[in-house]
file upload_20.cif (mmCIF, N, CA and C atoms)
data_model
loop_
_atom_site.label_atom_id
_atom_site.label_comp_id
_atom_site.auth_asym_id
_atom_site.auth_seq_id
_atom_site.Cartn_x
_atom_site.Cartn_y
_atom_site.Cartn_z
N MET A 1297 156.22 131.95 74.21
CA MET A 1297 155.94 130.88 75.14
C MET A 1297 156.86 129.73 74.80
N LYS A 1298 157.41 129.14 75.83
CA LYS A 1298 158.37 128.06 75.62
C LYS A 1298 157.63 126.75 75.41
N LEU A 1299 158.32 125.82 74.75
CA LEU A 1299 157.75 124.51 74.47
C LEU A 1299 157.44 123.77 75.78
N SER A 1300 158.29 123.89 76.77
CA SER A 1300 158.06 123.20 78.05
C SER A 1300 156.79 123.72 78.74
N GLU A 1301 156.52 125.01 78.59
CA GLU A 1301 155.30 125.58 79.17
C GLU A 1301 154.07 125.05 78.45
N ILE A 1302 154.15 124.93 77.13
CA ILE A 1302 153.04 124.40 76.34
C ILE A 1302 152.79 122.93 76.71
N GLN A 1303 153.84 122.17 76.84
CA GLN A 1303 153.68 120.75 77.21
C GLN A 1303 153.05 120.62 78.61
N LYS A 1304 153.46 121.46 79.54
CA LYS A 1304 152.88 121.42 80.89
C LYS A 1304 151.41 121.79 80.83
N MET A 1305 151.08 122.80 80.03
CA MET A 1305 149.69 123.22 79.88
C MET A 1305 148.85 122.07 79.30
N ILE A 1306 149.37 121.37 78.32
CA ILE A 1306 148.65 120.23 77.72
C ILE A 1306 148.44 119.14 78.76
N LYS A 1307 149.46 118.85 79.51
CA LYS A 1307 149.35 117.80 80.54
C LYS A 1307 148.33 118.20 81.61
N ASP A 1308 148.37 119.46 82.02
CA ASP A 1308 147.39 119.94 83.00
C ASP A 1308 145.97 119.86 82.44
N PHE A 1309 145.81 120.21 81.17
CA PHE A 1309 144.50 120.15 80.51
C PHE A 1309 143.98 118.71 80.48
N GLU A 1310 144.87 117.77 80.13
CA GLU A 1310 144.46 116.37 80.06
C GLU A 1310 144.00 115.85 81.42
N ASN A 1311 144.59 116.34 82.49
CA ASN A 1311 144.23 115.88 83.84
C ASN A 1311 143.06 116.66 84.44
N SER A 1312 142.57 117.65 83.73
CA SER A 1312 141.47 118.46 84.26
C SER A 1312 140.12 117.92 83.77
N ASN A 1313 139.06 118.53 84.28
CA ASN A 1313 137.70 118.18 83.85
C ASN A 1313 137.25 119.01 82.65
N LEU A 1314 138.10 119.91 82.20
CA LEU A 1314 137.75 120.75 81.05
C LEU A 1314 137.68 119.91 79.78
N THR A 1315 136.79 120.32 78.87
CA THR A 1315 136.71 119.62 77.58
C THR A 1315 137.26 120.49 76.45
N GLU A 1316 137.31 121.81 76.68
CA GLU A 1316 137.88 122.71 75.67
C GLU A 1316 138.66 123.82 76.36
N LEU A 1317 139.73 124.27 75.68
CA LEU A 1317 140.53 125.36 76.21
C LEU A 1317 141.12 126.11 75.03
N GLU A 1318 140.99 127.42 75.07
CA GLU A 1318 141.57 128.25 74.01
C GLU A 1318 142.33 129.38 74.67
N LEU A 1319 143.63 129.50 74.34
CA LEU A 1319 144.49 130.54 74.89
C LEU A 1319 145.12 131.33 73.75
N THR A 1320 145.19 132.64 73.95
CA THR A 1320 145.81 133.50 72.94
C THR A 1320 146.93 134.29 73.62
N PHE A 1321 148.15 134.19 73.02
CA PHE A 1321 149.32 134.95 73.49
C PHE A 1321 149.83 135.76 72.31
N GLU A 1322 149.69 137.05 72.42
CA GLU A 1322 150.14 137.95 71.37
C GLU A 1322 149.64 137.47 70.00
N ASP A 1323 150.49 136.88 69.19
CA ASP A 1323 150.06 136.46 67.85
C ASP A 1323 149.86 134.94 67.75
N THR A 1324 149.86 134.24 68.91
CA THR A 1324 149.72 132.78 68.90
C THR A 1324 148.44 132.37 69.65
N THR A 1325 147.68 131.46 69.04
CA THR A 1325 146.47 130.92 69.68
C THR A 1325 146.63 129.41 69.81
N ILE A 1326 146.32 128.90 70.98
CA ILE A 1326 146.37 127.46 71.22
C ILE A 1326 144.95 127.00 71.57
N LYS A 1327 144.46 126.01 70.83
CA LYS A 1327 143.13 125.44 71.09
C LYS A 1327 143.31 123.98 71.46
N LEU A 1328 142.75 123.61 72.60
CA LEU A 1328 142.80 122.22 73.05
C LEU A 1328 141.36 121.75 73.26
N SER A 1329 141.10 120.53 72.87
CA SER A 1329 139.78 119.95 73.15
C SER A 1329 139.95 118.45 73.30
N LYS A 1330 139.05 117.87 74.03
CA LYS A 1330 139.09 116.42 74.19
C LYS A 1330 137.66 115.89 74.20
N GLN A 1331 137.53 114.68 73.71
CA GLN A 1331 136.23 114.04 73.69
C GLN A 1331 135.98 113.46 75.07
N GLN A 1332 134.74 113.59 75.50
CA GLN A 1332 134.38 112.99 76.78
C GLN A 1332 134.04 111.54 76.53
N THR A 1333 134.60 110.71 77.34
CA THR A 1333 134.26 109.30 77.25
C THR A 1333 133.48 108.94 78.49
N GLN A 1334 132.45 108.17 78.29
CA GLN A 1334 131.66 107.74 79.44
C GLN A 1334 132.44 106.70 80.20
N GLN A 1335 132.57 106.97 81.44
CA GLN A 1335 133.24 105.99 82.28
C GLN A 1335 132.20 105.00 82.76
N THR A 1336 132.41 103.78 82.39
CA THR A 1336 131.48 102.76 82.84
C THR A 1336 132.18 101.86 83.83
N SER A 1337 131.50 101.66 84.90
CA SER A 1337 132.07 100.75 85.89
C SER A 1337 131.60 99.35 85.55
N PRO A 1338 132.40 98.38 85.85
CA PRO A 1338 132.00 97.01 85.54
C PRO A 1338 130.71 96.66 86.28
N ALA A 1339 129.92 95.84 85.64
CA ALA A 1339 128.66 95.44 86.26
C ALA A 1339 128.95 94.71 87.56
N PRO A 1340 128.17 95.03 88.59
CA PRO A 1340 128.42 94.37 89.86
C PRO A 1340 128.12 92.88 89.78
N VAL A 1341 128.91 92.13 90.48
CA VAL A 1341 128.69 90.69 90.51
C VAL A 1341 127.67 90.41 91.59
N VAL A 1342 126.59 89.79 91.21
CA VAL A 1342 125.53 89.50 92.17
C VAL A 1342 125.48 88.01 92.38
N SER A 1343 125.71 87.63 93.60
CA SER A 1343 125.62 86.20 93.89
C SER A 1343 124.25 85.93 94.47
N PRO A 1344 123.71 84.79 94.19
CA PRO A 1344 122.37 84.52 94.70
C PRO A 1344 122.36 84.52 96.22
N SER A 1345 121.33 85.14 96.76
CA SER A 1345 121.21 85.20 98.22
C SER A 1345 120.71 83.86 98.75
N PRO A 1346 121.23 83.47 99.89
CA PRO A 1346 120.71 82.23 100.46
C PRO A 1346 119.28 82.43 100.93
N VAL A 1347 118.52 81.40 100.88
CA VAL A 1347 117.13 81.46 101.31
C VAL A 1347 117.04 80.90 102.72
N TYR A 1348 116.53 81.71 103.61
CA TYR A 1348 116.36 81.28 104.99
C TYR A 1348 114.88 81.12 105.26
N HIS A 1349 114.53 80.05 105.89
CA HIS A 1349 113.14 79.84 106.27
C HIS A 1349 113.01 80.19 107.74
N VAL A 1350 112.29 81.29 107.98
CA VAL A 1350 112.10 81.75 109.34
C VAL A 1350 110.75 81.22 109.81
N PRO A 1351 110.75 80.49 110.91
CA PRO A 1351 109.46 79.99 111.38
C PRO A 1351 108.56 81.15 111.75
N GLN A 1352 107.34 81.09 111.31
CA GLN A 1352 106.37 82.14 111.60
C GLN A 1352 105.82 81.96 113.00
N LYS A 1353 105.63 83.10 113.66
CA LYS A 1353 105.04 83.06 114.98
C LYS A 1353 103.61 82.57 114.84
N GLU A 1354 103.25 81.64 115.68
CA GLU A 1354 101.90 81.10 115.60
C GLU A 1354 100.94 82.22 115.96
N GLN A 1355 100.00 82.47 115.09
CA GLN A 1355 99.07 83.56 115.31
C GLN A 1355 97.82 83.05 116.00
N GLU A 1356 97.27 83.96 116.81
CA GLU A 1356 96.03 83.62 117.48
C GLU A 1356 94.92 83.53 116.44
N PRO A 1357 93.93 82.72 116.68
CA PRO A 1357 92.84 82.68 115.72
C PRO A 1357 92.18 84.05 115.67
N PRO A 1358 91.92 84.55 114.46
CA PRO A 1358 91.36 85.90 114.36
C PRO A 1358 89.94 85.95 114.91
N GLN A 1359 89.65 87.06 115.51
CA GLN A 1359 88.28 87.31 115.97
C GLN A 1359 87.46 87.61 114.72
N SER A 1360 86.18 87.61 114.87
CA SER A 1360 85.36 87.98 113.72
C SER A 1360 85.60 89.45 113.43
N ALA A 1361 85.38 89.85 112.19
CA ALA A 1361 85.71 91.21 111.77
C ALA A 1361 85.00 92.26 112.60
N GLU A 1362 83.78 91.97 113.05
CA GLU A 1362 83.06 92.98 113.82
C GLU A 1362 83.56 93.08 115.26
N ASP A 1363 84.36 92.10 115.72
CA ASP A 1363 84.87 92.13 117.08
C ASP A 1363 86.24 92.79 117.18
N THR A 1364 86.90 93.05 116.07
CA THR A 1364 88.19 93.71 116.08
C THR A 1364 88.00 95.14 115.59
N ILE A 1365 88.44 96.08 116.41
CA ILE A 1365 88.35 97.49 116.03
C ILE A 1365 89.68 97.84 115.40
N VAL A 1366 89.63 98.36 114.17
CA VAL A 1366 90.84 98.67 113.41
C VAL A 1366 90.98 100.17 113.22
N SER A 1367 92.19 100.57 112.93
CA SER A 1367 92.47 101.98 112.70
C SER A 1367 91.92 102.41 111.34
N PRO A 1368 91.19 103.51 111.30
CA PRO A 1368 90.67 104.00 110.02
C PRO A 1368 91.67 104.87 109.26
N LEU A 1369 92.83 105.16 109.89
CA LEU A 1369 93.80 106.05 109.25
C LEU A 1369 95.20 105.76 109.77
N VAL A 1370 96.18 106.36 109.12
CA VAL A 1370 97.58 106.25 109.53
C VAL A 1370 97.85 107.36 110.53
N GLY A 1371 98.49 107.02 111.64
CA GLY A 1371 98.80 108.04 112.63
C GLY A 1371 99.44 107.43 113.86
N THR A 1372 99.50 108.24 114.92
CA THR A 1372 100.09 107.81 116.18
C THR A 1372 98.97 107.51 117.17
N PHE A 1373 99.02 106.32 117.76
CA PHE A 1373 98.01 105.86 118.72
C PHE A 1373 98.29 106.45 120.09
N TYR A 1374 97.25 107.03 120.70
CA TYR A 1374 97.34 107.50 122.08
C TYR A 1374 96.22 106.88 122.89
N ALA A 1375 96.58 106.25 124.00
CA ALA A 1375 95.60 105.57 124.84
C ALA A 1375 94.84 106.53 125.74
N SER A 1376 95.35 107.76 125.91
CA SER A 1376 94.70 108.74 126.78
C SER A 1376 94.81 110.12 126.16
N SER A 1377 94.08 111.08 126.77
CA SER A 1377 94.07 112.44 126.23
C SER A 1377 95.33 113.22 126.55
N SER A 1378 96.08 112.80 127.57
CA SER A 1378 97.35 113.44 127.90
C SER A 1378 98.26 112.40 128.55
N PRO A 1379 99.55 112.65 128.59
CA PRO A 1379 100.47 111.66 129.14
C PRO A 1379 100.19 111.30 130.61
N LYS A 1380 99.61 112.23 131.37
CA LYS A 1380 99.36 111.97 132.80
C LYS A 1380 97.96 111.41 133.06
N SER A 1381 97.12 111.36 132.03
CA SER A 1381 95.76 110.85 132.20
C SER A 1381 95.73 109.34 132.14
N LYS A 1382 94.67 108.77 132.75
CA LYS A 1382 94.45 107.33 132.65
C LYS A 1382 94.03 106.99 131.23
N PRO A 1383 94.35 105.78 130.76
CA PRO A 1383 93.89 105.37 129.42
C PRO A 1383 92.37 105.38 129.35
N TYR A 1384 91.85 105.66 128.16
CA TYR A 1384 90.40 105.63 127.97
C TYR A 1384 89.85 104.25 128.33
N VAL A 1385 90.53 103.19 127.84
CA VAL A 1385 90.09 101.83 128.13
C VAL A 1385 91.30 100.94 128.38
N GLU A 1386 91.07 99.86 129.09
CA GLU A 1386 92.08 98.84 129.34
C GLU A 1386 91.40 97.50 129.14
N VAL A 1387 92.18 96.43 129.16
CA VAL A 1387 91.60 95.10 129.05
C VAL A 1387 90.61 94.93 130.20
N GLY A 1388 89.41 94.50 129.87
CA GLY A 1388 88.36 94.31 130.87
C GLY A 1388 87.41 95.49 131.00
N SER A 1389 87.73 96.63 130.36
CA SER A 1389 86.86 97.80 130.45
C SER A 1389 85.55 97.53 129.71
N LYS A 1390 84.44 97.94 130.34
CA LYS A 1390 83.12 97.85 129.70
C LYS A 1390 82.91 99.16 128.94
N VAL A 1391 82.50 99.05 127.68
CA VAL A 1391 82.27 100.25 126.87
C VAL A 1391 80.87 100.21 126.28
N LYS A 1392 80.37 101.38 125.98
CA LYS A 1392 79.08 101.52 125.31
C LYS A 1392 79.34 102.10 123.92
N LYS A 1393 78.44 101.84 123.01
CA LYS A 1393 78.57 102.34 121.65
C LYS A 1393 78.78 103.86 121.70
N GLY A 1394 79.84 104.33 121.01
CA GLY A 1394 80.14 105.75 120.97
C GLY A 1394 81.16 106.22 121.99
N ASP A 1395 81.52 105.35 122.97
CA ASP A 1395 82.55 105.73 123.94
C ASP A 1395 83.90 105.88 123.23
N VAL A 1396 84.69 106.87 123.65
CA VAL A 1396 86.03 107.07 123.09
C VAL A 1396 86.95 105.96 123.60
N LEU A 1397 87.62 105.28 122.68
CA LEU A 1397 88.54 104.21 123.03
C LEU A 1397 89.99 104.69 123.03
N CYS A 1398 90.32 105.58 122.10
CA CYS A 1398 91.68 106.08 121.97
C CYS A 1398 91.68 107.28 121.05
N LEU A 1399 92.85 107.86 120.88
CA LEU A 1399 93.05 108.95 119.91
C LEU A 1399 94.09 108.50 118.91
N ILE A 1400 93.92 108.91 117.67
CA ILE A 1400 94.96 108.71 116.66
C ILE A 1400 95.28 110.08 116.09
N GLU A 1401 96.55 110.47 116.26
CA GLU A 1401 96.99 111.76 115.75
C GLU A 1401 97.48 111.60 114.33
N ALA A 1402 96.90 112.40 113.44
CA ALA A 1402 97.33 112.41 112.04
C ALA A 1402 97.38 113.87 111.60
N MET A 1403 98.52 114.29 111.14
CA MET A 1403 98.73 115.65 110.65
C MET A 1403 98.31 116.69 111.71
N LYS A 1404 98.74 116.45 112.95
CA LYS A 1404 98.51 117.35 114.08
C LYS A 1404 97.03 117.45 114.48
N ILE A 1405 96.21 116.52 114.00
CA ILE A 1405 94.80 116.49 114.36
C ILE A 1405 94.55 115.23 115.18
N MET A 1406 93.91 115.39 116.35
CA MET A 1406 93.58 114.26 117.20
C MET A 1406 92.22 113.72 116.78
N ASN A 1407 92.20 112.48 116.34
CA ASN A 1407 90.98 111.83 115.88
C ASN A 1407 90.52 110.82 116.94
N GLU A 1408 89.29 110.97 117.42
CA GLU A 1408 88.76 110.04 118.41
C GLU A 1408 88.29 108.78 117.73
N ILE A 1409 88.69 107.64 118.28
CA ILE A 1409 88.20 106.35 117.79
C ILE A 1409 87.19 105.87 118.83
N THR A 1410 85.97 105.60 118.39
CA THR A 1410 84.90 105.26 119.31
C THR A 1410 84.46 103.81 119.15
N ALA A 1411 83.80 103.32 120.18
CA ALA A 1411 83.31 101.94 120.18
C ALA A 1411 82.14 101.82 119.20
N PRO A 1412 82.18 100.82 118.32
CA PRO A 1412 81.09 100.64 117.36
C PRO A 1412 79.85 99.99 117.99
N LYS A 1413 80.05 99.39 119.18
CA LYS A 1413 78.93 98.72 119.86
C LYS A 1413 79.27 98.58 121.33
N ASP A 1414 78.30 98.17 122.12
CA ASP A 1414 78.53 97.89 123.53
C ASP A 1414 79.38 96.63 123.65
N GLY A 1415 80.21 96.55 124.71
CA GLY A 1415 80.99 95.35 124.91
C GLY A 1415 82.08 95.52 125.94
N THR A 1416 82.99 94.54 125.97
CA THR A 1416 84.12 94.52 126.89
C THR A 1416 85.40 94.42 126.09
N ILE A 1417 86.41 95.21 126.46
CA ILE A 1417 87.71 95.17 125.78
C ILE A 1417 88.42 93.87 126.18
N LEU A 1418 88.70 93.02 125.19
CA LEU A 1418 89.40 91.76 125.44
C LEU A 1418 90.91 91.90 125.29
N LYS A 1419 91.33 92.76 124.35
CA LYS A 1419 92.75 92.88 124.07
C LYS A 1419 93.04 94.26 123.49
N VAL A 1420 94.18 94.83 123.89
CA VAL A 1420 94.68 96.07 123.29
C VAL A 1420 95.89 95.66 122.46
N HIS A 1421 95.83 95.89 121.14
CA HIS A 1421 96.87 95.41 120.23
C HIS A 1421 98.08 96.33 120.11
N VAL A 1422 97.93 97.60 120.49
CA VAL A 1422 99.03 98.56 120.27
C VAL A 1422 99.40 99.26 121.57
N MET A 1423 100.61 99.81 121.57
CA MET A 1423 101.11 100.52 122.75
C MET A 1423 100.98 102.02 122.53
N ASN A 1424 100.92 102.74 123.64
CA ASN A 1424 100.81 104.19 123.58
C ASN A 1424 101.99 104.78 122.82
N GLY A 1425 101.72 105.66 121.86
CA GLY A 1425 102.76 106.30 121.07
C GLY A 1425 103.18 105.53 119.84
N GLN A 1426 102.61 104.37 119.63
CA GLN A 1426 102.96 103.54 118.47
C GLN A 1426 102.28 104.06 117.21
N VAL A 1427 102.99 104.00 116.09
CA VAL A 1427 102.41 104.39 114.80
C VAL A 1427 101.58 103.24 114.27
N VAL A 1428 100.38 103.56 113.82
CA VAL A 1428 99.48 102.55 113.26
C VAL A 1428 99.14 102.92 111.83
N GLY A 1429 98.78 101.90 111.06
CA GLY A 1429 98.39 102.10 109.67
C GLY A 1429 96.91 101.82 109.50
N ILE A 1430 96.43 102.05 108.33
CA ILE A 1430 95.03 101.78 108.03
C ILE A 1430 94.78 100.29 108.20
N ASP A 1431 93.70 99.96 108.88
CA ASP A 1431 93.26 98.58 109.14
C ASP A 1431 94.15 97.82 110.11
N ASP A 1432 95.07 98.47 110.82
CA ASP A 1432 95.81 97.79 111.89
C ASP A 1432 94.85 97.57 113.06
N ALA A 1433 94.92 96.38 113.66
CA ALA A 1433 94.05 96.06 114.78
C ALA A 1433 94.42 96.92 115.98
N LEU A 1434 93.40 97.52 116.62
CA LEU A 1434 93.62 98.33 117.82
C LEU A 1434 93.13 97.59 119.06
N PHE A 1435 91.88 97.10 119.00
CA PHE A 1435 91.26 96.46 120.15
C PHE A 1435 90.45 95.25 119.69
N ASP A 1436 90.31 94.28 120.59
CA ASP A 1436 89.32 93.22 120.42
C ASP A 1436 88.20 93.52 121.39
N LEU A 1437 86.99 93.48 120.89
CA LEU A 1437 85.81 93.83 121.68
C LEU A 1437 84.88 92.64 121.72
N GLU A 1438 84.43 92.29 122.92
CA GLU A 1438 83.50 91.17 123.06
C GLU A 1438 82.09 91.69 123.16
#
call {"tool": "encode", "arguments": {"input": "upload_20.cif", "output": "structure tokens"}}
result
Amino acid sequence: MKLSEIQKMIKDFENSNLTELELTFEDTTIKLSKQQTQQTSPAPVVSPSPVYHVPQKEQEPPQSAEDTIVSPLVGTFYASSSPKSKPYVEVGSKVKKGDVLCLIEAMKIMNEITAPKDGTILKVHVMNGQVVGIDDALFDLE
């Protein structure tokens, strides 16, 4: 093996991801190894973020807890049993205790949300197909 070939092999080894290399030619053995060094990137420069004060939307005074019907689970809110059906309730609808108000789909199961008492729907807080979380307001009931 010529010296130029050995030098090229060393250069190729240095540029490779290999950490060890052993070659045997007839009666000659060449062993190459290199220590791995951790490449550390410089710490990112973090500049302080500006603080913006966003005015909060004025919220309506909350109804009493018993007048707001909240979601008992996380899921998708459906106002009716099918896309072509009328909603179970709308603003102004009179309901009786146990009447179905909406469906919430969770894990492919349709869960009926029913009225906890007799009353009139004052407000619908969510839109059809909207994802709701636990304790998200669904309806205000008078």
call {"tool": "axis_aligned_box", "arguments": {"input": "upload_20.cif", "around": "segment 1383-1400 of chain A", "padding_each_side": "6 Å", "output": "JSON"}}
result
{"center_x": 86.9, "center_y": 102.2, "center_z": 123.5, "size_x": 28.8, "size_y": 27.8, "size_z": 26.9}
call {"tool": "closest_residue", "arguments": {"input": "upload_20.cif", "among": "A:Ile1326, A:Ile1365, A:Ile1302, A:Leu1418", "to": "Leu1434 of chain A", "atoms": "all atoms listed in the file"}}
result
A:Ile1365
call {"tool": "atom_distance", "arguments": {"input": "upload_20.cif", "atom1": "atom CA of Gly1415 of chain A", "atom2": "atom CA of Lys1380 of chain A"}}
result
26.0 Å
call {"tool": "atom_distance", "arguments": {"input": "upload_20.cif", "atom1": "atom CA of Glu1438 of chain A", "atom2": "atom CA of Ser1381 of chain A"}}
result
24.9 Å
call {"tool": "resolve_selection", "arguments": {"input": "upload_20.cif", "expression": "the PyMOL selection byres ((chain A and resi 1376) around 7)", "output": "count of residues only"}}
result
15
call {"tool": "atom_distance", "arguments": {"input": "upload_20.cif", "atom1": "atom N of Lys1330 of chain A", "atom2": "atom N of Ser1300 of chain A"}}
result
20.3 Å
